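The structure appears right after this line, and notes come after that.
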4 protein chains.
Amino acid sequence: MIRLGIIGYGYWGPNIARNFSSLGEGVEVAKICDMNADALKKASTIYKNCSFTTDANEVLCSPDIDAVAIITPVSSHFPLAKKALENGKHIFVEKPFTASVAEAEELVELAEKKKLVIMVDHTFLFTSAVKKIKELVDDGTMGKLHYYDSMRVNLGLFQSDVNVVWDLAPHDFSIMHHLVKDKPVALSAHGQDHYKSGLANTAFIVVHFESDFIAHFNVNWLSPVKLRQTLISGSNKMLYWDDIEPDNKIKVYDKGVTVDSKESMYEMIVGYRSGDMYAPKIGQTEALKEEASYFIQAINEGFTPFNDGKAGLEVVRLLEAAEKSIHNQGKTISL
Amino acid sequence: MIRLGIIGYGYWGPNIARNFSSLGEGVEVAKICDMNADALKKASTIYKNCSFTTDANEVLCSPDIDAVAIITPVSSHFPLAKKALENGKHIFVEKPFTASVAEAEELVELAEKKKLVIMVDHTFLFTSAVKKIKELVDDGTMGKLHYYDSMRVNLGLFQSDVNVVWDLAPHDFSIMHHLVKDKPVALSAHGQDHYKSGLANTAFIVVHFESDFIAHFNVNWLSPVKLRQTLISGSNKMLYWDDIEPDNKIKVYDKGVTVDSKESMYEMIVGYRSGDMYAPKIGQTEALKEEASYFIQAINEGFTPFNDGKAGLEVVRLLEAAEKSIHNQGKTISL
Amino acid sequence: MIRLGIIGYGYWGPNIARNFSSLGEGVEVAKICDMNADALKKASTIYKNCSFTTDANEVLCSPDIDAVAIITPVSSHFPLAKKALENGKHIFVEKPFTASVAEAEELVELAEKKKLVIMVDHTFLFTSAVKKIKELVDDGTMGKLHYYDSMRVNLGLFQSDVNVVWDLAPHDFSIMHHLVKDKPVALSAHGQDHYKSGLANTAFIVVHFESDFIAHFNVNWLSPVKLRQTLISGSNKMLYWDDIEPDNKIKVYDKGVTVDSKESMYEMIVGYRSGDMYAPKIGQTEALKEEASYFIQAINEGFTPFNDGKAGLEVVRLLEAAEKSIHNQGKTISL
Amino acid sequence: MIRLGIIGYGYWGPNIARNFSSLGEGVEVAKICDMNADALKKASTIYKNCSFTTDANEVLCSPDIDAVAIITPVSSHFPLAKKALENGKHIFVEKPFTASVAEAEELVELAEKKKLVIMVDHTFLFTSAVKKIKELVDDGTMGKLHYYDSMRVNLGLFQSDVNVVWDLAPHDFSIMHHLVKDKPVALSAHGQDHYKSGLANTAFIVVHFESDFIAHFNVNWLSPVKLRQTLISGSNKMLYWDDIEPDNKIKVYDKGVTVDSKESMYEMIVGYRSGDMYAPKIGQTEALKEEASYFIQAINEGFTPFNDGKAGLEVVRLLEAAEKSIHNQGKTISL
């Protein structure tokens with residue numbers, strides 16, 4: 001039986017609590033901590049055999065707690081996570097993992113020494129869509145990958161503590177890291193802060209790799225529409241993932257015929273695509289529940305999850321570089 | 001009566017011929033030149049009172065020709081255009097205007113000295129969609145503009161003489177130049193050439209301006225789908241233009257309510273937009289016919305068209321800078 | 001404090017329980033009944049201060065119960081509802097209200113005599129989309145209504161106890177009844193049972209009214225895609241509601257310009273619409289929670305809800321007529 | 001060399017002229033007749049070796065004409081077609097073939113006696129989309145067909161001489177007739193005329209067959225949006241054809257897994273489809289040019305085209321029955 005403490009019961013915390021508690025036997029949501037008493041009161045109407053506190057130390061230092069879910073703003077991840085690890089607790093940390101590469105490295109090292117599990121909550125990796133894409137990449141369907149190009153733009157929901165890169169890009173960075181074996185070597189990013197808040201609300205990021213693979217990310221808080229589009233091109237197939245679509249989220253395209261005449265070229269100019277398209281059935285699994293289960297399993301069986309501290313660290317490395325590049329007018333940052 | 005000579009009767013030339021000849025009285029397609037005899041034969045079945053030649057000089061030097069449409073690959077624009085201007089002919093030049101800023105500047109200067117009209121064929125500026133967007137910008141509906149972000153990706157139709165930037169970005173650069181009064185000051189671009197052809201097939205371009213306006217362009221020959229999306233954000237409204245949509249090409253969004261509580265913030269996270277949307281009726285005018293008519297009118301009435309040589313030059317300035325930046329790993333190029 | 005008993009904890013029952021219990025003070029889910037012990041066990045992990053039973057009479061006859069939610073197959077609605085009313089309990093009945101007009105009439109009469117509230121669970125009436133449409137109809141935006149045309153087709157999920165009309169059409173019949181003041185006078189329906197199950201899986205229904213208003217319903221279990229489209233045409237505006245769309249569920253169209261020339265007529269032939277379009281922001285309220293709250297309010301304040309027994313009866317009247325017409329090869333049935 | 005006369009040069013006639021004349025050697029547009037002198041003048045600027053007349057008899061009786069294309073309102077089809085056949089000319093008739101079954105039967109008989117070709121211009125049968133669907137039906141991919149359900153609704157473009165059934169349904173009736181081998185036996189239709197014009201602007205038609213196949217057609221002039229949706233369900237696959245979509249016009253769906261548990265049933269309720277989807281590449285052929293070529297070929301080679309007078313007659317049979325049923329409040333009409 002893993003006894004879980006949860007620190008942070010704001011927007012995302014209730015989902016974490018609900019999913020872990022839905023796992024049934026083997027895990028128990030034992031303590032919930034939030035500085036907001038109203039949030040705790042709300043939690044108390046749902047979780048009966050659970051204690052509540054406004055003091056994080058009651059979770060971090062409690063001998064009754066085996067693992068801690070840290071669902072707080074990123075600036076607090078490091079001190080909370082460090083204390084949890086020092087007290088021998090496995091940790092499940094909201095993304096992004098930490099506010100800096102140095103913090104992430106220290107936590108990874110500490111967890112290794114203590115033989116504790118770190119899992120970073122990159123929930124998207126557990127969605128049916130990403131699992132299907134990973135399958136298509138890993139089984140060779142896509143062929144050699146050429147590029148990853150994502151657009152994640154939102155409707156004016158600004159964060160006050162982090163810029164748009166730290167808010168939105170962790171999703172895409174983690175998915176790319178999950179899918180792509182090639183090693184990123186350099187990054188360049190441009191951003192703009194139209195409201196003089198000190199935080200870019202619009203950013204465009206390019207990542208170069210050792211190979212000729214290239215990645216591009218467009219993140220934006222100032223968009224009229226929510227767009228969640230990812231293009232992945234491979235030598236065999238090309239893939240378009242539109243996460244907003246209720247149906248047909250993933251479309252896999254044949255590369256199509258070779259253009260060997262002027263006529264076929266002219267036809268392509270006016271055409272919309274050159275080959276057949278296939279849209280695999282995407283299941284409706286609850287990603288977060290699966291991730292919660294995977295965390296418990298990793299603790300019980302002692303394996304290293306793919307979304308561990310090192311994976312979280314690589315995402316933070318890209319975030320940190322992107323911020324640095326933005327502050328230096330797009331200067332290329334070596335990774 | 002303007003007697004028009006057309007040089008180049010490949011993919012686009014027939015459209016030019018058809019639209020100018022459909023204008024009726026006031027203009028006559030008098031000569032068509034192409035190096036391909038088959039193309040000329042095809043033209044001869046349609047245009048009865050027209051002569052045909054494989055020698056461009058017969059158009060450029062003919063005393064019977066008032067204006068020349070140059071619909072050839074970009075590398076030949078400069079010598080053909082220069083000779084036409086030197087011979088006192090107005091010119092209608094396929095986009096991009098020239099292969100370099102220096103060429104464009106020389107042509108602009110020459111035309112000014114000779115008091116001849118240069119029009120660059122940025123057909124998109126004459127579409128109902130762009131005209132509607134310009135109206136929304138000019139009448140203040142949009143408010144102060146924040147960014148221009150376009151995605152123009154295609155299904156694997158590679159050009160062999162120019163890279164993807166020179167092929168696809170002229171559309172977007174010319175539209176942005178048409179809409180935005182702010183002055184671009186610097187550009188950074190990244191590209192990739194996956195097939196070792198020496199020509200980038202994928203490129204991401206950021207343009208910075210004197211103000212906090214920012215522009216971003218994503219052009220790509222390696223996409224599974226044809227995407228033609230442009231986001232324009234203003235202080236009053238935000239606009240999404242999807243040129244592939246048969247209906248509702250332009251959607252104008254209210255910025256929506258201010259987020260003033262946690263509940264409304266949480267609602268926005270799961271919502272798709274924050275305000276009403278309005279999709280103006282877009283007419284079905286034939287852009288090229290309108291542009292052809294505008295060229296003839298500019299000659300007859302002696303005014304300077306908005307898509308003149310200077311406008312064409314500004315597009316070439318961005319293209320040249322983008323290519324230079326790509327070759328220098330995204331180095332920022334001053335404009 | 002209203003003490004609610006729930007009979008039926010299968011697919012929909014848990015949603016009923018969750019939403020009523022989320023209302024907070026003023027209502028308590030006091031008893032849950034299901035014949036399936038596993039379902040009860042599941043419920044017992046969530047609802048702590050609640051008793052569980054496999055015997056409906058323990059709910060229907062208990063002096064501790066003020067209102068009963070009947071969330072069982074339609075064939076059992078009448079006996080359960082009748083007994084509940086006889087025992088002085090308000091009832092909330094899953095749609096369709098009853099299996100026949102006679103049953104519905106008896107329940108309506110009984111509730112009137114006993115001064116008890118009947119609410120039929122036509123949840124759709126509480127969605128933001130339907131509320132917005134009702135607003136547009138009631139405030140005159142739409143003008144005089146011309147037709148209601150809905151398509152509700154599904155992906156092969158067959159019911160074994162009722163045909164496709166009883167399964168899917170209650171939604172559309174209740175929405176139409178909610179929006180349209182005109183009186184339906186006759187109905188004709190055609191259906192097909194491709195699998196010899198005795199139950200039509202495909203049905204097409206036309207309803208005529210006293211006025212020239214006409215309604216049409218297309219319901220189908222054999223569709224490759226889920227479609228939820230409703231067209232409503234009025235003398236001022238026309239409306240298209242696509243409930244599958246994540247965004248822009250409701251589009252309100254201007255009727256557009258009058259066609260006064262051959263040219264404008266030809267343009268319309270190739271065009272996609274004739275006027276501007278407006279897509280109002282649709283909120284994200286939880287329809288079922290709102291409906292639950294409205295039921296409790298109706299009991300406490302003693303008013304008649306719009307989705308009362310009489311409204312439920314009108315839906316059943318159409319269902320019964322449709323089934324009769326299908327069995328008589330589309331014969332017109334007077335209402 | 002087939003010398004073609006064209007009667008009617010209004011909206012569609014120019015397309016007929018252009019496509020036949022584009023066939024090159026083997027066919028010549030020799031005479032064009034229209035009662036409107038302006039239309040003829042327009043034609044004369046395009047077709048040089050052609051004569052023009054306002055008198056149909058100059059086409060119908062000319063010894064220089066081998067075949068006549070009749071592109072006039074439906075009411076004139078019969079007298080023109082009859083005279084053409086009597087004068088030994090093959091005929092290409094705009095759809096719908098005739099204004100009545102009796103007329104169609106007389107023309108079919110006359111053509112047989114005279115051994116002349118009748119082709120009815122059901123252009124849709126030559127589109128890449130319909131050809132692909134026919135292929136999927138004929139090669140067994142679809143399995144045994146269950147239903148054909150089409151929706152063809154338009155934006156308020158009223159005809160003044162025929163009702164909405166005669167205007168829009170010929171497309172769908174001809175496609176269904178082309179695809180489906182089963183024999184239709186009865187039809188029921190309902191319509192409404194909201195503007196007291198004497199012509200229904202909205203109609204819903206059901207066709208029953210000898211087998212359990214069923215067809216349904218929704219045609220409407222009063223829609224806010226243009227919809228062109230056809231669902232075809234077969235025992236193996238189901239197909240959704242959306243002709244408005246620029247891409248992915250045809251989607252072929254697996255029927256999906258059998259529902260064998262409550263969990264899978266509940267998943268289907270919230271899901272959007274149950275199996276994979278495949279969208280074949282649809283070419284961009286010019287349907288009308290292909291049809292024109294097929295007409296010339298049928299004359300030269302002496303075969304009976306699939307869109308011959310008999311096929312046209314079957315479409316008229318359905319149109320006539322639909323109109324009769326509408327006038328009799330949906331009464332079932334035997335075919």
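Identifiers in the structure tokens: chain A, B, ... in order shown; residue index from 1 per chain; ligand index from 1 in order shown.
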
Next on the checklist: Applying 12 Å and only C-alpha atoms, which residues near Asp64 (chain C) remain after dropping the ones on its own chain fewer than 5 positions away? List them as a VMD selection string.
Outcome noted: chain C and resid 1 to 5 28 to 31 50 to 51 58 to 59 87 to 89

Store the residues of this selection in a file with N, CA and C atoms, as a PDB file, in the first residue's frame.
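The resulting file, selection_38.pdb, is reproduced below:
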```pdb
ATOM      1  N   MET C   1     -34.546  20.534   3.255  1.00  0.00           N
ATOM      2  CA  MET C   1     -33.665  19.449   2.756  1.00  0.00           C
ATOM      3  C   MET C   1     -34.487  18.389   2.008  1.00  0.00           C
ATOM      4  N   ILE C   2     -34.180  18.244   0.721  1.00  0.00           N
ATOM      5  CA  ILE C   2     -34.857  17.208  -0.071  1.00  0.00           C
ATOM      6  C   ILE C   2     -34.015  15.935  -0.026  1.00  0.00           C
ATOM      7  N   ARG C   3     -34.642  14.857   0.393  1.00  0.00           N
ATOM      8  CA  ARG C   3     -33.935  13.568   0.419  1.00  0.00           C
ATOM      9  C   ARG C   3     -34.312  12.791  -0.845  1.00  0.00           C
ATOM     10  N   LEU C   4     -33.300  12.541  -1.663  1.00  0.00           N
ATOM     11  CA  LEU C   4     -33.534  11.934  -2.971  1.00  0.00           C
ATOM     12  C   LEU C   4     -33.196  10.454  -2.966  1.00  0.00           C
ATOM     13  N   GLY C   5     -34.068   9.680  -3.550  1.00  0.00           N
ATOM     14  CA  GLY C   5     -33.761   8.274  -3.805  1.00  0.00           C
ATOM     15  C   GLY C   5     -33.539   8.089  -5.296  1.00  0.00           C
ATOM     16  N   GLU C  28     -29.991  15.785  -0.537  1.00  0.00           N
ATOM     17  CA  GLU C  28     -29.135  14.698  -0.082  1.00  0.00           C
ATOM     18  C   GLU C  28     -29.494  13.445  -0.868  1.00  0.00           C
ATOM     19  N   VAL C  29     -28.472  12.789  -1.424  1.00  0.00           N
ATOM     20  CA  VAL C  29     -28.727  11.488  -2.059  1.00  0.00           C
ATOM     21  C   VAL C  29     -28.798  10.463  -0.932  1.00  0.00           C
ATOM     22  N   ALA C  30     -30.012  10.062  -0.606  1.00  0.00           N
ATOM     23  CA  ALA C  30     -30.227   9.284   0.613  1.00  0.00           C
ATOM     24  C   ALA C  30     -30.271   7.784   0.367  1.00  0.00           C
ATOM     25  N   LYS C  31     -30.786   7.394  -0.780  1.00  0.00           N
ATOM     26  CA  LYS C  31     -30.881   5.955  -1.075  1.00  0.00           C
ATOM     27  C   LYS C  31     -30.578   5.736  -2.552  1.00  0.00           C
ATOM     28  N   CYS C  50     -25.359   7.337   2.689  1.00  0.00           N
ATOM     29  CA  CYS C  50     -26.416   6.913   1.785  1.00  0.00           C
ATOM     30  C   CYS C  50     -26.641   5.429   2.040  1.00  0.00           C
ATOM     31  N   SER C  51     -27.900   4.987   1.893  1.00  0.00           N
ATOM     32  CA  SER C  51     -28.098   3.546   2.025  1.00  0.00           C
ATOM     33  C   SER C  51     -28.363   2.945   0.645  1.00  0.00           C
ATOM     34  N   GLU C  58     -38.062  -0.148  -1.312  1.00  0.00           N
ATOM     35  CA  GLU C  58     -37.423   0.516  -0.170  1.00  0.00           C
ATOM     36  C   GLU C  58     -37.204   2.004  -0.445  1.00  0.00           C
ATOM     37  N   VAL C  59     -37.148   2.319  -1.722  1.00  0.00           N
ATOM     38  CA  VAL C  59     -37.077   3.745  -2.068  1.00  0.00           C
ATOM     39  C   VAL C  59     -38.483   4.329  -2.184  1.00  0.00           C
ATOM     40  N   ASN C  87     -47.129   7.404  -3.410  1.00  0.00           N
ATOM     41  CA  ASN C  87     -46.550   7.546  -2.075  1.00  0.00           C
ATOM     42  C   ASN C  87     -46.127   8.979  -1.779  1.00  0.00           C
ATOM     43  N   GLY C  88     -46.576   9.896  -2.641  1.00  0.00           N
ATOM     44  CA  GLY C  88     -46.359  11.308  -2.338  1.00  0.00           C
ATOM     45  C   GLY C  88     -44.963  11.831  -2.667  1.00  0.00           C
ATOM     46  N   LYS C  89     -44.276  11.140  -3.565  1.00  0.00           N
ATOM     47  CA  LYS C  89     -42.916  11.578  -3.898  1.00  0.00           C
ATOM     48  C   LYS C  89     -42.892  12.314  -5.240  1.00  0.00           C
TER      49      LYS C  89
END
```

Can you list every residue of chain A that has an atom at most 6 Å from chain D, with its nearest atom pair and the distance in Å to one decimal, using only C-alpha atoms, ordered by chain then number, as JSON lines?
```
{"residue": "A:Asp247", "atom": "CA", "partner": "D:Tyr272", "partner_atom": "CA", "distance": 5.9}
{"residue": "A:Tyr272", "atom": "CA", "partner": "D:Asp247", "partner_atom": "CA", "distance": 5.9}
{"residue": "A:Gly275", "atom": "CA", "partner": "D:Lys281", "partner_atom": "CA", "distance": 5.4}
{"residue": "A:Asp276", "atom": "CA", "partner": "D:Lys281", "partner_atom": "CA", "distance": 4.7}
{"residue": "A:Met277", "atom": "CA", "partner": "D:Ala279", "partner_atom": "CA", "distance": 5.0}
{"residue": "A:Tyr278", "atom": "CA", "partner": "D:Tyr278", "partner_atom": "CA", "distance": 4.5}
{"residue": "A:Ala279", "atom": "CA", "partner": "D:Met277", "partner_atom": "CA", "distance": 5.1}
{"residue": "A:Pro280", "atom": "CA", "partner": "D:Asp276", "partner_atom": "CA", "distance": 4.7}
{"residue": "A:Lys281", "atom": "CA", "partner": "D:Asp276", "partner_atom": "CA", "distance": 4.7}
```

Checklist entry - Where in region 284-315 of chain B does DSSP assign alpha helix (DSSP H), given as a VMD selection string? => result chain B and resid 287 to 301 309 to 315

Checklist entry - For Ala203 (chain C), which residue among D:Leu107, D:Ser174, D:Asp149, D:Lys114 is the nearest when counting only C-alpha atoms? => result D:Asp149

Next on the checklist: Please compute the CA of Arg18 (chain A)-CA of Val315 (chain A) distance, one decimal, in Å.
Outcome noted: 26.5 Å

Next on the checklist: At a cut-off of 10 Å, using only C-alpha atoms, what residues contact Glu314 (chain A)? Leave out same-chain residues fewer than 6 positions from it and give the result as a PyMOL selection string.
Outcome noted: chain A and resi 97+101+104-105+173-174+177+184+320+335

Emit the selected residues as a compact mmCIF listing (two decimals), in the first residue's frame, including N, CA and C atoms.
```
# COMPACT_ATOMS: atom_id res chain seq x y z
N PHE A 97 9.36 20.27 -14.65
CA PHE A 97 9.98 19.62 -13.50
C PHE A 97 10.50 20.65 -12.49
N VAL A 101 17.86 24.06 -14.95
CA VAL A 101 18.59 22.82 -15.19
C VAL A 101 19.34 22.40 -13.94
N ALA A 104 17.09 20.70 -11.55
CA ALA A 104 16.71 19.37 -12.02
C ALA A 104 17.84 18.38 -11.83
N GLU A 105 19.05 18.82 -12.15
CA GLU A 105 20.21 17.92 -12.01
C GLU A 105 20.41 17.50 -10.55
N PHE A 173 7.75 19.86 -25.88
CA PHE A 173 9.13 19.40 -25.66
C PHE A 173 9.13 17.96 -25.15
N SER A 174 8.22 17.67 -24.22
CA SER A 174 8.22 16.32 -23.66
C SER A 174 7.78 15.29 -24.70
N HIS A 177 10.70 14.81 -27.11
CA HIS A 177 11.74 14.02 -26.45
C HIS A 177 11.35 12.55 -26.36
N PRO A 184 19.30 16.80 -29.56
CA PRO A 184 19.26 18.23 -29.87
C PRO A 184 20.60 18.86 -29.50
N GLU A 320 14.94 26.38 -20.50
CA GLU A 320 15.93 27.36 -20.03
C GLU A 320 16.65 27.99 -21.23
N LEU A 335 23.14 23.32 -26.55
CA LEU A 335 22.45 22.55 -25.51
C LEU A 335 23.42 21.57 -24.83
```

Item to check | Residue contacts of region 228-237 of chain B (9 Å, only C-alpha atoms) excluding same-chain residues fewer than 3 positions away, as number ranges by chain | outcome: A: 222-225; B: 137, 140-154, 172, 240-244, 252-255

Quick one: write out the picked residues with C-alpha atoms as a PDB file, in the first residue's frame?
```pdb
ATOM      1  CA  LEU A 222      -2.656  35.836 -27.769  1.00  0.00           C
ATOM      2  CA  SER A 223      -4.462  33.703 -30.289  1.00  0.00           C
ATOM      3  CA  PRO A 224      -8.133  34.020 -31.193  1.00  0.00           C
ATOM      4  CA  VAL A 225      -8.453  30.272 -31.428  1.00  0.00           C
TER       5      VAL A 225
ATOM      6  CA  VAL B 137      -7.117  46.643 -40.282  1.00  0.00           C
ATOM      7  CA  GLY B 140      -9.567  50.249 -36.918  1.00  0.00           C
ATOM      8  CA  THR B 141     -11.634  47.133 -36.259  1.00  0.00           C
ATOM      9  CA  MET B 142      -8.550  45.153 -35.366  1.00  0.00           C
ATOM     10  CA  GLY B 143      -6.988  47.876 -33.231  1.00  0.00           C
ATOM     11  CA  LYS B 144      -3.224  48.165 -32.866  1.00  0.00           C
ATOM     12  CA  LEU B 145      -1.663  45.086 -34.453  1.00  0.00           C
ATOM     13  CA  HIS B 146       0.355  42.730 -32.243  1.00  0.00           C
ATOM     14  CA  TYR B 147       1.524  39.988 -34.554  1.00  0.00           C
ATOM     15  CA  TYR B 148       1.214  38.311 -37.929  1.00  0.00           C
ATOM     16  CA  ASP B 149       1.761  34.565 -37.926  1.00  0.00           C
ATOM     17  CA  SER B 150       1.370  32.516 -41.056  1.00  0.00           C
ATOM     18  CA  MET B 151       1.742  28.865 -41.926  1.00  0.00           C
ATOM     19  CA  ARG B 152       1.940  27.922 -45.576  1.00  0.00           C
ATOM     20  CA  VAL B 153       2.872  24.319 -45.991  1.00  0.00           C
ATOM     21  CA  ASN B 154       2.571  22.098 -48.969  1.00  0.00           C
ATOM     22  CA  ASP B 172       2.956  36.045 -47.005  1.00  0.00           C
ATOM     23  CA  TYR B 240      -7.936  33.751 -38.088  1.00  0.00           C
ATOM     24  CA  TRP B 241      -7.719  33.287 -41.820  1.00  0.00           C
ATOM     25  CA  ASP B 242      -7.832  29.734 -43.143  1.00  0.00           C
ATOM     26  CA  ASP B 243      -7.616  29.947 -46.885  1.00  0.00           C
ATOM     27  CA  ILE B 244      -8.327  26.241 -47.382  1.00  0.00           C
ATOM     28  CA  VAL B 252     -12.944  37.654 -36.476  1.00  0.00           C
ATOM     29  CA  TYR B 253     -12.922  37.027 -32.745  1.00  0.00           C
ATOM     30  CA  ASP B 254     -13.770  39.248 -29.859  1.00  0.00           C
ATOM     31  CA  LYS B 255     -10.987  39.302 -27.366  1.00  0.00           C
TER      32      LYS B 255
END
```

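The space separating CA of Ser334 (chain C) from CA of Asn307 (chain C) comes to 23.5 Å.
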
Item to check | Which of region 8-218 of chain C fall in strand (DSSP E), as a PyMOL selection string | outcome: chain C and resi 27-33+51-53+67-70+90-94+118-121+145-155+184-192+202-209+214-218

Checklist entry - So how far away is CA of Ser75 (chain D) from CA of Val93 (chain D), in Å? => result 12.0 Å

Item to check | Shell of 7 Å around Gly191 (chain A), only C-alpha atoms, local chain residues under 5 positions omitted, as an NGL selection string | outcome: :A and (200 or 202-204 or 326)

Given the selection you just returned, output its residues as a file containing all heavy atoms, formatted as a short mmCIF file (atom, residue, chain, number, x, y, z; two decimals), in the first residue's frame.
```
data_model
loop_
_atom_site.label_atom_id
_atom_site.label_comp_id
_atom_site.auth_asym_id
_atom_site.auth_seq_id
_atom_site.Cartn_x
_atom_site.Cartn_y
_atom_site.Cartn_z
N ALA A 200 7.19 37.06 -22.06
CA ALA A 200 6.79 36.90 -23.46
C ALA A 200 5.45 36.17 -23.53
O ALA A 200 5.23 35.18 -22.82
CB ALA A 200 7.84 36.10 -24.23
N THR A 202 4.25 35.39 -26.68
CA THR A 202 4.33 34.80 -28.00
C THR A 202 5.76 34.33 -28.19
O THR A 202 6.68 35.10 -27.91
CB THR A 202 4.04 35.89 -29.07
OG1 THR A 202 2.80 36.51 -28.77
CG2 THR A 202 4.03 35.33 -30.47
N ALA A 203 5.96 33.10 -28.64
CA ALA A 203 7.34 32.66 -28.84
C ALA A 203 7.43 31.64 -29.97
O ALA A 203 6.50 30.85 -30.18
CB ALA A 203 7.92 32.08 -27.56
N PHE A 204 8.52 31.72 -30.69
CA PHE A 204 8.80 30.81 -31.80
C PHE A 204 10.17 30.20 -31.55
O PHE A 204 11.15 30.92 -31.37
CB PHE A 204 8.80 31.59 -33.12
CG PHE A 204 7.61 32.49 -33.27
CD1 PHE A 204 7.74 33.87 -33.18
CD2 PHE A 204 6.34 31.96 -33.47
CE1 PHE A 204 6.63 34.71 -33.30
CE2 PHE A 204 5.22 32.78 -33.58
CZ PHE A 204 5.37 34.16 -33.50
N ILE A 326 15.54 33.97 -26.13
CA ILE A 326 14.59 35.08 -26.28
C ILE A 326 15.18 36.37 -25.72
O ILE A 326 15.09 37.43 -26.33
CB ILE A 326 13.25 34.75 -25.58
CG1 ILE A 326 12.49 33.69 -26.37
CG2 ILE A 326 12.39 36.01 -25.41
CD1 ILE A 326 11.24 33.17 -25.69
#
```

Item to check | Spatial neighbours of Thr45 (chain C), 12 Å, only C-alpha atoms, chain gap at least 6 places, as a ChimeraX atom specification | outcome: /A:21-22,24,46-49 /C:38-39,51-52

Next on the checklist: For Leu60 (chain C), find every residue with an atom within 8 Å (counting only C-alpha atoms), except residues of its own chain fewer than 4 positions away, and show them as a list in words.
Outcome noted: Ala56, Ile65, Val68, Leu80, Lys83, Ala84, Asn87 and Lys89 of chain C

Item to check | Nearest candidate to Ile296 (chain A) (options A:Glu94, A:Glu86, A:Glu323, A:Glu25; using only C-alpha atoms) | outcome: A:Glu25
